Amino acid sequence: MGGNNRKFKKKATTMNKTILLKTRPKGKPQQSDFEFKDIEKPSPKDGEVLLKALYVSVDPYLRGRMRDEKSYIEPFQLGEPVQSAIVAEVVESRNNNFKQGDFLTGMMQWQQYQTSDAKNLRKVEKEQAPLSAYLGILGMTGLTAYFGLLDIGEPKEGETLLVSGAAGAVGSVVGQIGKLKGCRVVGIAGSDEKTKLLKNKFGYDAAINYEKTDDMTAAIKKAAPDGVDVYFDNVGSYTLDAAMNNINRFGRVINCGAISLYNETEQPTGPRLETTIVKKSIKMQGFIVRNYEDRFPEGIQQLGKWLQQGKLKDEETIVEGFDQIPQAFIDLFDGKNTGKMVVKVY
Ligand code: NDP
């Protein structure tokens with residue numbers, strides 16, 4: 001009996017799980033593409049902290065890192081832990097800049113406990129916002145909405161802003177900022193619950209459920225009778241084509257993402273856009289939020305201020321349990337989230 005207890009105790013103090021990329025997904029990611037592994041809980045060396053993961057962000061762009069392709073960010077290696085933005089608690093510190101009980105955020109591994117020199121992590125305060133918000137509205141997705149819309153889209157009062165992926169983490173913030181700038185805002189999302197949310201919570205003027213719409217060009221025309229001045233594209237492909245059929249002269253198209261293509265093994269071809277771009281003097285620009293790294297403090301400050309003033313509403317889908325991380329990621333491609341998808345680990 002005593003021996004069993006000792007064995008149990010030892011296991012409890014050293015237990016640490018990690019999630020590795022086992023195979024590169026073909027099409028939609030599957031649970032079998034990931035492997036759970038029990039590893040030793042590490043000890044921090046001089047200058048390091050021991051971190052306990054609290055909230056893990058799952059994001060569509062991680063799908064791109066699962067391909068063995070050169071991109072703006074390194075691909076994940078097979079057999080290595082997957083990484084994403086995480087909020088973690090310092091449980092032991094041998095680093096003079098951080099103490100036990102501090103909360104840090106940045107890129108970390110899908111691992112319950114890990115050590116870090118914390119050079120690329122930043123401290124966040126739970127008194128200022130719920131910790132999960134630093135992964136969403138006050139983190140990468142909020143900043144993507146802020147800089148993409150305001151810097152590239154340059155929305156003006158009275159203009160029509162169209163947003164796809166409108167009920168998601170980026171889209172829900174884009175629409176609300178559009179309203180703050182005085183635009184008429186039209187959203188596209190994948191269910192009636194989401195289109196209701198767009199209108200009732202985020203103040204969208206009109207919303208289209210693409211899952212129930214055969215003719216997206218006609219649906220956009222109806223929802224945006226004066227045409228589209230700014231299109232914030234999160235999904236790409238046929239939705240982009242339909243938006244371009246409704247674009248106004250001097251329209252701006254912000255290519256933020258193309259989630260409808262991320263799991264395609266063959267990329268579909270579409271209509272040629274160049275004549276529309278020329279004839280209508282369209283500005284079409286892609287971007288990566290990291291392009292704005294120098295200005296992140298400005299974005300976080302403004303988003304935080306709007307949140308505090310109640311001018312922005314935060315929406316999150318929080319899934320519980322470390323073991324749920326891969327499924328939460330897979331569920332992004334089935335639209336199971338509204339707002340930011342986050343996994344609460346502890
Ligand atoms: P979301 O919170 O929007 O989650 C993904 C959503 O995409 C789902 O909820 C689903 O909503 C929709 N979706 C999934 N599959 C499809 C499909 N085949 N066709 C149309 N819609 C689909 O994710 P994020 O807000 O984090 O990201 C949104 C987009 O922004 C992505 O394309 C992402 O890659 C991009 N992005 C780009 C960044 C940059 O720096 N450029 C930074 C961050 C994100 P629904 O139910 O409506 O279908």
# chains A, B, ... in the order shown; residues from 1 in each chain; ligands from 1
$ residues_around --residues "Ala224 (chain A)" --least-positions-apart "6" --cutoff "12 Å" --atoms "only C-alpha atoms" --output "list in words"
Glu159, Thr160, Leu161, Leu162, Val163, Cys183, Arg184, Val185, Val186, Gly187, Ile188, Tyr204, Asp205, Ala206, Ala207, Ile208, Met216, Thr217, Ala218, Val230, Tyr231, Ala243, Asn245, Asn246, Ile247 and Asn248 of chain A
$ write_last_selection --atoms "N, CA, C and O atoms" --output "mmCIF file, in the first residue's frame"
data_model
loop_
_atom_site.group_PDB
_atom_site.id
_atom_site.type_symbol
_atom_site.label_atom_id
_atom_site.label_comp_id
_atom_site.auth_asym_id
_atom_site.auth_seq_id
_atom_site.Cartn_x
_atom_site.Cartn_y
_atom_site.Cartn_z
ATOM 1 N N GLU A 159 -19.328 55.007 -45.383
ATOM 2 C CA GLU A 159 -18.966 53.961 -46.351
ATOM 3 C C GLU A 159 -19.541 52.610 -45.911
ATOM 4 O O GLU A 159 -19.899 52.412 -44.741
ATOM 5 N N THR A 160 -19.595 51.674 -46.865
ATOM 6 C CA THR A 160 -20.046 50.314 -46.538
ATOM 7 C C THR A 160 -18.838 49.405 -46.382
ATOM 8 O O THR A 160 -17.982 49.316 -47.275
ATOM 9 N N LEU A 161 -18.797 48.749 -45.220
ATOM 10 C CA LEU A 161 -17.721 47.782 -44.919
ATOM 11 C C LEU A 161 -18.340 46.387 -44.933
ATOM 12 O O LEU A 161 -19.340 46.140 -44.256
ATOM 13 N N LEU A 162 -17.748 45.494 -45.708
ATOM 14 C CA LEU A 162 -18.185 44.090 -45.744
ATOM 15 C C LEU A 162 -17.100 43.249 -45.071
ATOM 16 O O LEU A 162 -15.906 43.428 -45.346
ATOM 17 N N VAL A 163 -17.524 42.336 -44.197
ATOM 18 C CA VAL A 163 -16.557 41.498 -43.454
ATOM 19 C C VAL A 163 -16.956 40.041 -43.605
ATOM 20 O O VAL A 163 -18.110 39.687 -43.344
ATOM 21 N N CYS A 183 -19.239 53.471 -40.303
ATOM 22 C CA CYS A 183 -19.568 52.731 -41.533
ATOM 23 C C CYS A 183 -20.911 52.010 -41.395
ATOM 24 O O CYS A 183 -21.358 51.714 -40.291
ATOM 25 N N ARG A 184 -21.500 51.699 -42.548
ATOM 26 C CA ARG A 184 -22.572 50.705 -42.571
ATOM 27 C C ARG A 184 -21.841 49.364 -42.692
ATOM 28 O O ARG A 184 -21.008 49.181 -43.590
ATOM 29 N N VAL A 185 -22.135 48.425 -41.793
ATOM 30 C CA VAL A 185 -21.329 47.207 -41.740
ATOM 31 C C VAL A 185 -22.181 45.970 -42.046
ATOM 32 O O VAL A 185 -23.240 45.772 -41.455
ATOM 33 N N VAL A 186 -21.684 45.177 -42.978
ATOM 34 C CA VAL A 186 -22.366 43.949 -43.394
ATOM 35 C C VAL A 186 -21.436 42.772 -43.099
ATOM 36 O O VAL A 186 -20.254 42.807 -43.457
ATOM 37 N N GLY A 187 -21.977 41.735 -42.448
ATOM 38 C CA GLY A 187 -21.145 40.584 -42.090
ATOM 39 C C GLY A 187 -21.596 39.312 -42.795
ATOM 40 O O GLY A 187 -22.774 39.140 -43.109
ATOM 41 N N ILE A 188 -20.630 38.433 -43.022
ATOM 42 C CA ILE A 188 -20.925 37.118 -43.612
ATOM 43 C C ILE A 188 -20.446 36.064 -42.609
ATOM 44 O O ILE A 188 -19.294 36.112 -42.151
ATOM 45 N N TYR A 204 -23.795 44.952 -36.237
ATOM 46 C CA TYR A 204 -23.780 44.907 -37.701
ATOM 47 C C TYR A 204 -25.141 45.352 -38.232
ATOM 48 O O TYR A 204 -26.184 45.057 -37.638
ATOM 49 N N ASP A 205 -25.146 46.052 -39.361
ATOM 50 C CA ASP A 205 -26.407 46.532 -39.944
ATOM 51 C C ASP A 205 -27.120 45.433 -40.709
ATOM 52 O O ASP A 205 -28.345 45.439 -40.820
ATOM 53 N N ALA A 206 -26.371 44.515 -41.286
ATOM 54 C CA ALA A 206 -26.973 43.412 -42.039
ATOM 55 C C ALA A 206 -26.018 42.224 -41.975
ATOM 56 O O ALA A 206 -24.812 42.396 -41.752
ATOM 57 N N ALA A 207 -26.567 41.024 -42.134
ATOM 58 C CA ALA A 207 -25.708 39.830 -42.053
ATOM 59 C C ALA A 207 -26.223 38.754 -43.005
ATOM 60 O O ALA A 207 -27.430 38.615 -43.211
ATOM 61 N N ILE A 208 -25.290 38.017 -43.569
ATOM 62 C CA ILE A 208 -25.623 36.974 -44.551
ATOM 63 C C ILE A 208 -25.115 35.632 -44.025
ATOM 64 O O ILE A 208 -23.942 35.524 -43.635
ATOM 65 N N MET A 216 -24.114 34.373 -53.704
ATOM 66 C CA MET A 216 -23.512 35.329 -52.769
ATOM 67 C C MET A 216 -23.440 36.736 -53.384
ATOM 68 O O MET A 216 -23.568 37.732 -52.672
ATOM 69 N N THR A 217 -23.229 36.811 -54.707
ATOM 70 C CA THR A 217 -23.163 38.142 -55.338
ATOM 71 C C THR A 217 -24.479 38.879 -55.119
ATOM 72 O O THR A 217 -24.498 40.049 -54.719
ATOM 73 N N ALA A 218 -25.597 38.163 -55.345
ATOM 74 C CA ALA A 218 -26.925 38.788 -55.177
ATOM 75 C C ALA A 218 -27.187 39.106 -53.706
ATOM 76 O O ALA A 218 -27.737 40.167 -53.384
ATOM 77 N N VAL A 230 -15.234 48.932 -48.575
ATOM 78 C CA VAL A 230 -14.108 48.250 -47.937
ATOM 79 C C VAL A 230 -14.521 46.799 -47.710
ATOM 80 O O VAL A 230 -15.576 46.532 -47.134
ATOM 81 N N TYR A 231 -13.689 45.867 -48.181
ATOM 82 C CA TYR A 231 -13.969 44.452 -47.928
ATOM 83 C C TYR A 231 -12.829 43.868 -47.097
ATOM 84 O O TYR A 231 -11.674 43.854 -47.540
ATOM 85 N N ALA A 243 -17.628 39.344 -53.378
ATOM 86 C CA ALA A 243 -17.406 40.700 -52.863
ATOM 87 C C ALA A 243 -16.899 41.603 -53.987
ATOM 88 O O ALA A 243 -17.345 42.751 -54.132
ATOM 89 N N ASN A 245 -17.523 41.396 -57.051
ATOM 90 C CA ASN A 245 -18.624 41.724 -57.965
ATOM 91 C C ASN A 245 -19.449 42.910 -57.460
ATOM 92 O O ASN A 245 -20.271 43.452 -58.202
ATOM 93 N N ASN A 246 -19.248 43.275 -56.194
ATOM 94 C CA ASN A 246 -20.019 44.373 -55.600
ATOM 95 C C ASN A 246 -19.147 45.551 -55.190
ATOM 96 O O ASN A 246 -19.616 46.474 -54.526
ATOM 97 N N ILE A 247 -17.871 45.496 -55.567
ATOM 98 C CA ILE A 247 -16.949 46.523 -55.056
ATOM 99 C C ILE A 247 -17.178 47.863 -55.772
ATOM 100 O O ILE A 247 -17.466 47.893 -56.975
ATOM 101 N N ASN A 248 -17.067 48.940 -55.028
ATOM 102 C CA ASN A 248 -17.221 50.291 -55.592
ATOM 103 C C ASN A 248 -15.901 50.832 -56.117
ATOM 104 O O ASN A 248 -14.832 50.325 -55.759
#
$ residues_near_ligand --ligand "ligand 1" --cutoff "8 Å" --atoms "only C-alpha atoms and all ligand atoms" --output "PyMOL selection string"
chain A and resi 58-61+140-141+144+148+164-172+188-191+194+209-211+233-236+239+255-261+286-290+331-341
$ residues_around --residues "Met284 (chain A)" --least-positions-apart "5" --cutoff "9 Å" --atoms "only C-alpha atoms" --output "PyMOL selection string"
chain A and resi 152+251-255+277
$ write_last_selection --atoms "N, CA and C atoms" --output "compact mmCIF listing (two decimals), in the first residue's frame"
# COMPACT_ATOMS: atom_id res chain seq x y z
N ILE A 152 -5.01 49.59 -43.67
CA ILE A 152 -5.15 49.23 -45.09
C ILE A 152 -6.54 49.63 -45.60
N GLY A 251 -12.50 51.23 -54.11
CA GLY A 251 -12.70 50.29 -52.99
C GLY A 251 -11.36 49.76 -52.48
N ARG A 252 -11.36 49.35 -51.22
CA ARG A 252 -10.16 48.75 -50.61
C ARG A 252 -10.48 47.33 -50.18
N VAL A 253 -9.60 46.40 -50.56
CA VAL A 253 -9.78 45.00 -50.17
C VAL A 253 -8.61 44.61 -49.27
N ILE A 254 -8.94 44.16 -48.07
CA ILE A 254 -7.90 43.78 -47.10
C ILE A 254 -7.83 42.26 -47.10
N ASN A 255 -6.76 41.69 -47.62
CA ASN A 255 -6.61 40.23 -47.64
C ASN A 255 -5.96 39.80 -46.33
N ILE A 277 -9.95 45.43 -60.86
CA ILE A 277 -9.00 46.20 -60.04
C ILE A 277 -8.61 47.49 -60.77
$ closest_residue --among "A:Glu48, A:Asp241, A:Glu154, A:Asp214" --to "Pro268 (chain A)" --atoms "only C-alpha atoms"
A:Asp241
$ residues_around --residues "region 95-97 of chain A" --least-positions-apart "5" --cutoff "10 Å" --atoms "only C-alpha atoms" --output "PDB file with N, CA, C and O atoms, in the first residue's frame"
ATOM      1  N   PRO A  44      13.796  25.019 -14.081  1.00  0.00           N
ATOM      2  CA  PRO A  44      14.421  26.200 -14.696  1.00  0.00           C
ATOM      3  C   PRO A  44      15.896  26.320 -14.343  1.00  0.00           C
ATOM      4  O   PRO A  44      16.290  26.036 -13.210  1.00  0.00           O
ATOM      5  N   LYS A  45      16.679  26.718 -15.336  1.00  0.00           N
ATOM      6  CA  LYS A  45      18.110  26.994 -15.097  1.00  0.00           C
ATOM      7  C   LYS A  45      18.230  28.463 -14.702  1.00  0.00           C
ATOM      8  O   LYS A  45      17.247  29.205 -14.743  1.00  0.00           O
ATOM      9  N   ASP A  46      19.449  28.892 -14.392  1.00  0.00           N
ATOM     10  CA  ASP A  46      19.674  30.312 -14.094  1.00  0.00           C
ATOM     11  C   ASP A  46      19.151  31.162 -15.236  1.00  0.00           C
ATOM     12  O   ASP A  46      19.432  30.876 -16.407  1.00  0.00           O
ATOM     13  N   GLY A  47      18.388  32.193 -14.943  1.00  0.00           N
ATOM     14  CA  GLY A  47      17.867  33.091 -15.981  1.00  0.00           C
ATOM     15  C   GLY A  47      16.542  32.632 -16.565  1.00  0.00           C
ATOM     16  O   GLY A  47      15.966  33.330 -17.405  1.00  0.00           O
ATOM     17  N   GLU A  48      16.056  31.472 -16.121  1.00  0.00           N
ATOM     18  CA  GLU A  48      14.812  30.943 -16.701  1.00  0.00           C
ATOM     19  C   GLU A  48      13.652  30.995 -15.702  1.00  0.00           C
ATOM     20  O   GLU A  48      13.832  31.135 -14.498  1.00  0.00           O
ATOM     21  N   VAL A  49      12.440  30.840 -16.261  1.00  0.00           N
ATOM     22  CA  VAL A  49      11.246  30.680 -15.425  1.00  0.00           C
ATOM     23  C   VAL A  49      10.603  29.341 -15.765  1.00  0.00           C
ATOM     24  O   VAL A  49      10.755  28.833 -16.889  1.00  0.00           O
ATOM     25  N   LEU A  50       9.890  28.771 -14.784  1.00  0.00           N
ATOM     26  CA  LEU A  50       9.056  27.594 -15.059  1.00  0.00           C
ATOM     27  C   LEU A  50       7.630  28.100 -15.224  1.00  0.00           C
ATOM     28  O   LEU A  50       7.105  28.814 -14.354  1.00  0.00           O
ATOM     29  N   SER A 116      11.503  28.709 -19.824  1.00  0.00           N
ATOM     30  CA  SER A 116      11.783  29.703 -20.864  1.00  0.00           C
ATOM     31  C   SER A 116      12.709  30.755 -20.296  1.00  0.00           C
ATOM     32  O   SER A 116      12.657  31.056 -19.092  1.00  0.00           O
ATOM     33  N   ASP A 117      13.521  31.376 -21.179  1.00  0.00           N
ATOM     34  CA  ASP A 117      14.302  32.531 -20.718  1.00  0.00           C
ATOM     35  C   ASP A 117      13.424  33.789 -20.745  1.00  0.00           C
ATOM     36  O   ASP A 117      13.865  34.865 -20.343  1.00  0.00           O
ATOM     37  N   ALA A 118      12.208  33.644 -21.245  1.00  0.00           N
ATOM     38  CA  ALA A 118      11.173  34.699 -21.246  1.00  0.00           C
ATOM     39  C   ALA A 118      11.563  35.931 -22.064  1.00  0.00           C
ATOM     40  O   ALA A 118      10.885  36.960 -21.962  1.00  0.00           O
ATOM     41  N   LYS A 119      12.592  35.814 -22.896  1.00  0.00           N
ATOM     42  CA  LYS A 119      13.029  36.998 -23.670  1.00  0.00           C
ATOM     43  C   LYS A 119      11.937  37.473 -24.628  1.00  0.00           C
ATOM     44  O   LYS A 119      11.802  38.659 -24.885  1.00  0.00           O
ATOM     45  N   LYS A 123       4.744  40.444 -19.884  1.00  0.00           N
ATOM     46  CA  LYS A 123       3.928  40.297 -18.684  1.00  0.00           C
ATOM     47  C   LYS A 123       2.541  40.882 -18.942  1.00  0.00           C
ATOM     48  O   LYS A 123       2.428  41.926 -19.587  1.00  0.00           O
TER      49      LYS A 123
END
$ residues_around --residues "Arg24 (chain A)" --least-positions-apart "3" --cutoff "10 Å" --atoms "only C-alpha atoms" --output "list in words"
Leu21, Gly27, Pro29, Gln30, Ser32, Asp33, Phe34, Arg63, Arg65, Met66, Arg67, Asp68, Phe76, Gln77 and Leu78 of chain A
$ select_by_dssp --residues "region 16-252 of chain A" --states "alpha helix (DSSP H)" --output "PDB file with C-alpha atoms, in the first residue's frame"
ATOM      1  CA  LEU A  62      -1.381  27.145 -37.394  1.00  0.00           C
ATOM      2  CA  ARG A  63      -2.692  25.007 -40.263  1.00  0.00           C
ATOM      3  CA  GLY A  64      -0.125  26.680 -42.543  1.00  0.00           C
ATOM      4  CA  ARG A  65       2.703  25.854 -40.121  1.00  0.00           C
ATOM      5  CA  MET A 140      -3.027  38.896 -32.027  1.00  0.00           C
ATOM      6  CA  THR A 141      -6.589  38.783 -33.379  1.00  0.00           C
ATOM      7  CA  GLY A 142      -7.625  42.178 -31.978  1.00  0.00           C
ATOM      8  CA  LEU A 143      -4.459  43.742 -33.397  1.00  0.00           C
ATOM      9  CA  THR A 144      -5.088  42.082 -36.765  1.00  0.00           C
ATOM     10  CA  ALA A 145      -8.544  43.641 -36.906  1.00  0.00           C
ATOM     11  CA  TYR A 146      -7.276  47.034 -35.758  1.00  0.00           C
ATOM     12  CA  PHE A 147      -4.304  47.478 -38.098  1.00  0.00           C
ATOM     13  CA  ALA A 169     -12.102  36.445 -33.471  1.00  0.00           C
ATOM     14  CA  VAL A 170     -10.814  38.916 -36.071  1.00  0.00           C
ATOM     15  CA  GLY A 171     -14.132  39.529 -37.847  1.00  0.00           C
ATOM     16  CA  SER A 172     -16.168  40.387 -34.757  1.00  0.00           C
ATOM     17  CA  VAL A 173     -13.669  43.112 -33.861  1.00  0.00           C
ATOM     18  CA  VAL A 174     -13.399  44.424 -37.441  1.00  0.00           C
ATOM     19  CA  GLY A 175     -17.165  44.979 -37.641  1.00  0.00           C
ATOM     20  CA  GLN A 176     -17.295  46.789 -34.326  1.00  0.00           C
ATOM     21  CA  ILE A 177     -14.396  49.084 -35.236  1.00  0.00           C
ATOM     22  CA  GLY A 178     -16.142  49.739 -38.550  1.00  0.00           C
ATOM     23  CA  LYS A 179     -19.229  50.866 -36.627  1.00  0.00           C
ATOM     24  CA  LEU A 180     -17.083  53.118 -34.415  1.00  0.00           C
ATOM     25  CA  ASP A 192     -28.273  31.821 -38.259  1.00  0.00           C
ATOM     26  CA  GLU A 193     -27.060  31.980 -34.633  1.00  0.00           C
ATOM     27  CA  LYS A 194     -23.978  33.811 -35.842  1.00  0.00           C
ATOM     28  CA  THR A 195     -25.860  36.262 -38.085  1.00  0.00           C
ATOM     29  CA  LYS A 196     -28.151  37.057 -35.140  1.00  0.00           C
ATOM     30  CA  LEU A 197     -25.135  37.644 -32.911  1.00  0.00           C
ATOM     31  CA  LEU A 198     -23.616  39.958 -35.513  1.00  0.00           C
ATOM     32  CA  LYS A 199     -26.681  42.172 -35.496  1.00  0.00           C
ATOM     33  CA  ASN A 200     -27.679  41.927 -31.829  1.00  0.00           C
ATOM     34  CA  MET A 216     -23.512  35.329 -52.769  1.00  0.00           C
ATOM     35  CA  THR A 217     -23.163  38.142 -55.338  1.00  0.00           C
ATOM     36  CA  ALA A 218     -26.925  38.788 -55.177  1.00  0.00           C
ATOM     37  CA  ALA A 219     -27.013  38.435 -51.380  1.00  0.00           C
ATOM     38  CA  ILE A 220     -24.233  41.002 -50.938  1.00  0.00           C
ATOM     39  CA  LYS A 221     -25.966  43.325 -53.402  1.00  0.00           C
ATOM     40  CA  LYS A 222     -29.150  43.137 -51.335  1.00  0.00           C
ATOM     41  CA  ALA A 223     -27.370  43.649 -48.007  1.00  0.00           C
ATOM     42  CA  SER A 237     -12.153  32.077 -52.696  1.00  0.00           C
ATOM     43  CA  TYR A 238     -15.811  32.317 -53.802  1.00  0.00           C
ATOM     44  CA  THR A 239     -16.685  34.860 -51.112  1.00  0.00           C
ATOM     45  CA  LEU A 240     -13.906  37.142 -52.344  1.00  0.00           C
ATOM     46  CA  ASP A 241     -15.180  36.740 -55.918  1.00  0.00           C
ATOM     47  CA  ALA A 242     -18.704  37.715 -54.831  1.00  0.00           C
ATOM     48  CA  ALA A 243     -17.406  40.700 -52.863  1.00  0.00           C
ATOM     49  CA  MET A 244     -15.422  41.861 -55.912  1.00  0.00           C
TER      50      MET A 244
END
$ select_by_dssp --residues "region 53-175 of chain A" --states "strand (DSSP E)" --output "ChimeraX atom specification"
/A:53-57,83-93,103-109,113-116,122-124,160-164
$ write_last_selection --atoms "N, CA and C atoms" --output "short mmCIF file (atom, residue, chain, number, x, y, z; two decimals), in the first residue's frame"
data_model
loop_
_atom_site.label_atom_id
_atom_site.label_comp_id
_atom_site.auth_asym_id
_atom_site.auth_seq_id
_atom_site.Cartn_x
_atom_site.Cartn_y
_atom_site.Cartn_z
N ALA A 53 1.01 26.48 -18.24
CA ALA A 53 0.07 27.02 -19.24
C ALA A 53 -1.32 27.15 -18.63
N LEU A 54 -1.96 28.32 -18.85
CA LEU A 54 -3.32 28.52 -18.35
C LEU A 54 -4.33 28.59 -19.50
N TYR A 55 -4.04 29.42 -20.50
CA TYR A 55 -4.94 29.58 -21.66
C TYR A 55 -4.12 29.39 -22.94
N VAL A 56 -4.65 28.57 -23.83
CA VAL A 56 -3.94 28.28 -25.09
C VAL A 56 -4.79 28.77 -26.26
N SER A 57 -4.18 29.53 -27.14
CA SER A 57 -4.88 30.03 -28.32
C SER A 57 -4.78 29.00 -29.44
N GLN A 83 3.23 24.83 -31.32
CA GLN A 83 3.31 26.08 -30.55
C GLN A 83 2.17 27.00 -30.94
N SER A 84 1.75 27.81 -30.00
CA SER A 84 0.83 28.91 -30.32
C SER A 84 0.94 29.94 -29.20
N ALA A 85 0.14 30.98 -29.30
CA ALA A 85 0.17 31.98 -28.22
C ALA A 85 -0.49 31.37 -26.99
N ILE A 86 0.13 31.59 -25.84
CA ILE A 86 -0.34 31.01 -24.58
C ILE A 86 -0.23 32.07 -23.48
N VAL A 87 -1.15 32.03 -22.53
CA VAL A 87 -0.96 32.80 -21.29
C VAL A 87 -0.59 31.79 -20.21
N ALA A 88 0.53 32.02 -19.54
CA ALA A 88 1.03 31.06 -18.54
C ALA A 88 1.36 31.79 -17.24
N GLU A 89 1.40 31.00 -16.17
CA GLU A 89 1.75 31.56 -14.86
C GLU A 89 3.18 31.14 -14.52
N VAL A 90 3.93 32.08 -13.96
CA VAL A 90 5.28 31.73 -13.50
C VAL A 90 5.13 30.97 -12.18
N VAL A 91 5.54 29.70 -12.17
CA VAL A 91 5.41 28.93 -10.93
C VAL A 91 6.74 28.83 -10.19
N GLU A 92 7.83 29.13 -10.88
CA GLU A 92 9.14 29.19 -10.24
C GLU A 92 9.99 30.13 -11.08
N SER A 93 10.76 30.99 -10.43
CA SER A 93 11.56 31.94 -11.21
C SER A 93 13.02 31.94 -10.80
N PHE A 103 2.03 36.63 -14.68
CA PHE A 103 1.42 36.00 -15.86
C PHE A 103 2.15 36.51 -17.10
N LEU A 104 2.55 35.59 -17.96
CA LEU A 104 3.29 35.96 -19.17
C LEU A 104 2.55 35.44 -20.40
N THR A 105 2.69 36.17 -21.50
CA THR A 105 2.12 35.67 -22.75
C THR A 105 3.13 35.77 -23.88
N GLY A 106 2.92 34.94 -24.90
CA GLY A 106 3.79 34.89 -26.06
C GLY A 106 3.72 33.49 -26.65
N MET A 107 4.60 33.23 -27.61
CA MET A 107 4.60 31.90 -28.24
C MET A 107 5.21 30.87 -27.30
N MET A 108 4.44 29.83 -27.03
CA MET A 108 4.94 28.73 -26.18
C MET A 108 4.49 27.41 -26.79
N GLN A 109 4.99 26.33 -26.18
CA GLN A 109 4.65 25.00 -26.70
C GLN A 109 3.35 24.49 -26.09
N TYR A 113 3.71 22.25 -18.60
CA TYR A 113 4.79 23.01 -17.94
C TYR A 113 5.96 23.12 -18.90
N GLN A 114 6.59 24.29 -18.96
CA GLN A 114 7.78 24.46 -19.79
C GLN A 114 8.66 25.54 -19.17
N THR A 115 9.94 25.48 -19.50
CA THR A 115 10.85 26.52 -19.02
C THR A 115 11.12 27.48 -20.18
N SER A 116 11.50 28.71 -19.82
CA SER A 116 11.78 29.70 -20.86
C SER A 116 12.71 30.76 -20.30
N ARG A 122 5.82 38.56 -22.75
CA ARG A 122 5.54 39.83 -22.05
C ARG A 122 4.58 39.59 -20.91
N LYS A 123 4.74 40.44 -19.88
CA LYS A 123 3.93 40.30 -18.68
C LYS A 123 2.54 40.88 -18.94
N VAL A 124 1.51 40.21 -18.44
CA VAL A 124 0.15 40.76 -18.55
C VAL A 124 -0.48 40.77 -17.16
N THR A 160 -19.59 51.67 -46.86
CA THR A 160 -20.05 50.31 -46.54
C THR A 160 -18.84 49.41 -46.38
N LEU A 161 -18.80 48.75 -45.22
CA LEU A 161 -17.72 47.78 -44.92
C LEU A 161 -18.34 46.39 -44.93
N LEU A 162 -17.75 45.49 -45.71
CA LEU A 162 -18.18 44.09 -45.74
C LEU A 162 -17.10 43.25 -45.07
N VAL A 163 -17.52 42.34 -44.20
CA VAL A 163 -16.56 41.50 -43.45
C VAL A 163 -16.96 40.04 -43.61
N SER A 164 -16.02 39.18 -44.01
CA SER A 164 -16.31 37.73 -44.00
C SER A 164 -15.66 37.13 -42.75
#
$ atom_distance --atom1 "CA of Leu307 (chain A)" --atom2 "CA of Val342 (chain A)"
18.8 Å
$ closest_residue --among "A:Trp306, A:Leu51, A:Pro326, A:Ile282" --to "Arg94 (chain A)" --atoms "only C-alpha atoms"
A:Leu51
$ atom_distance --atom1 "CA of Gln302 (chain A)" --atom2 "CA of Lys156 (chain A)"
18.2 Å
$ closest_residue --among "A:Val82, A:Val343, A:Leu20, A:Leu149" --to "Leu135 (chain A)" --atoms "only C-alpha atoms"
A:Val343
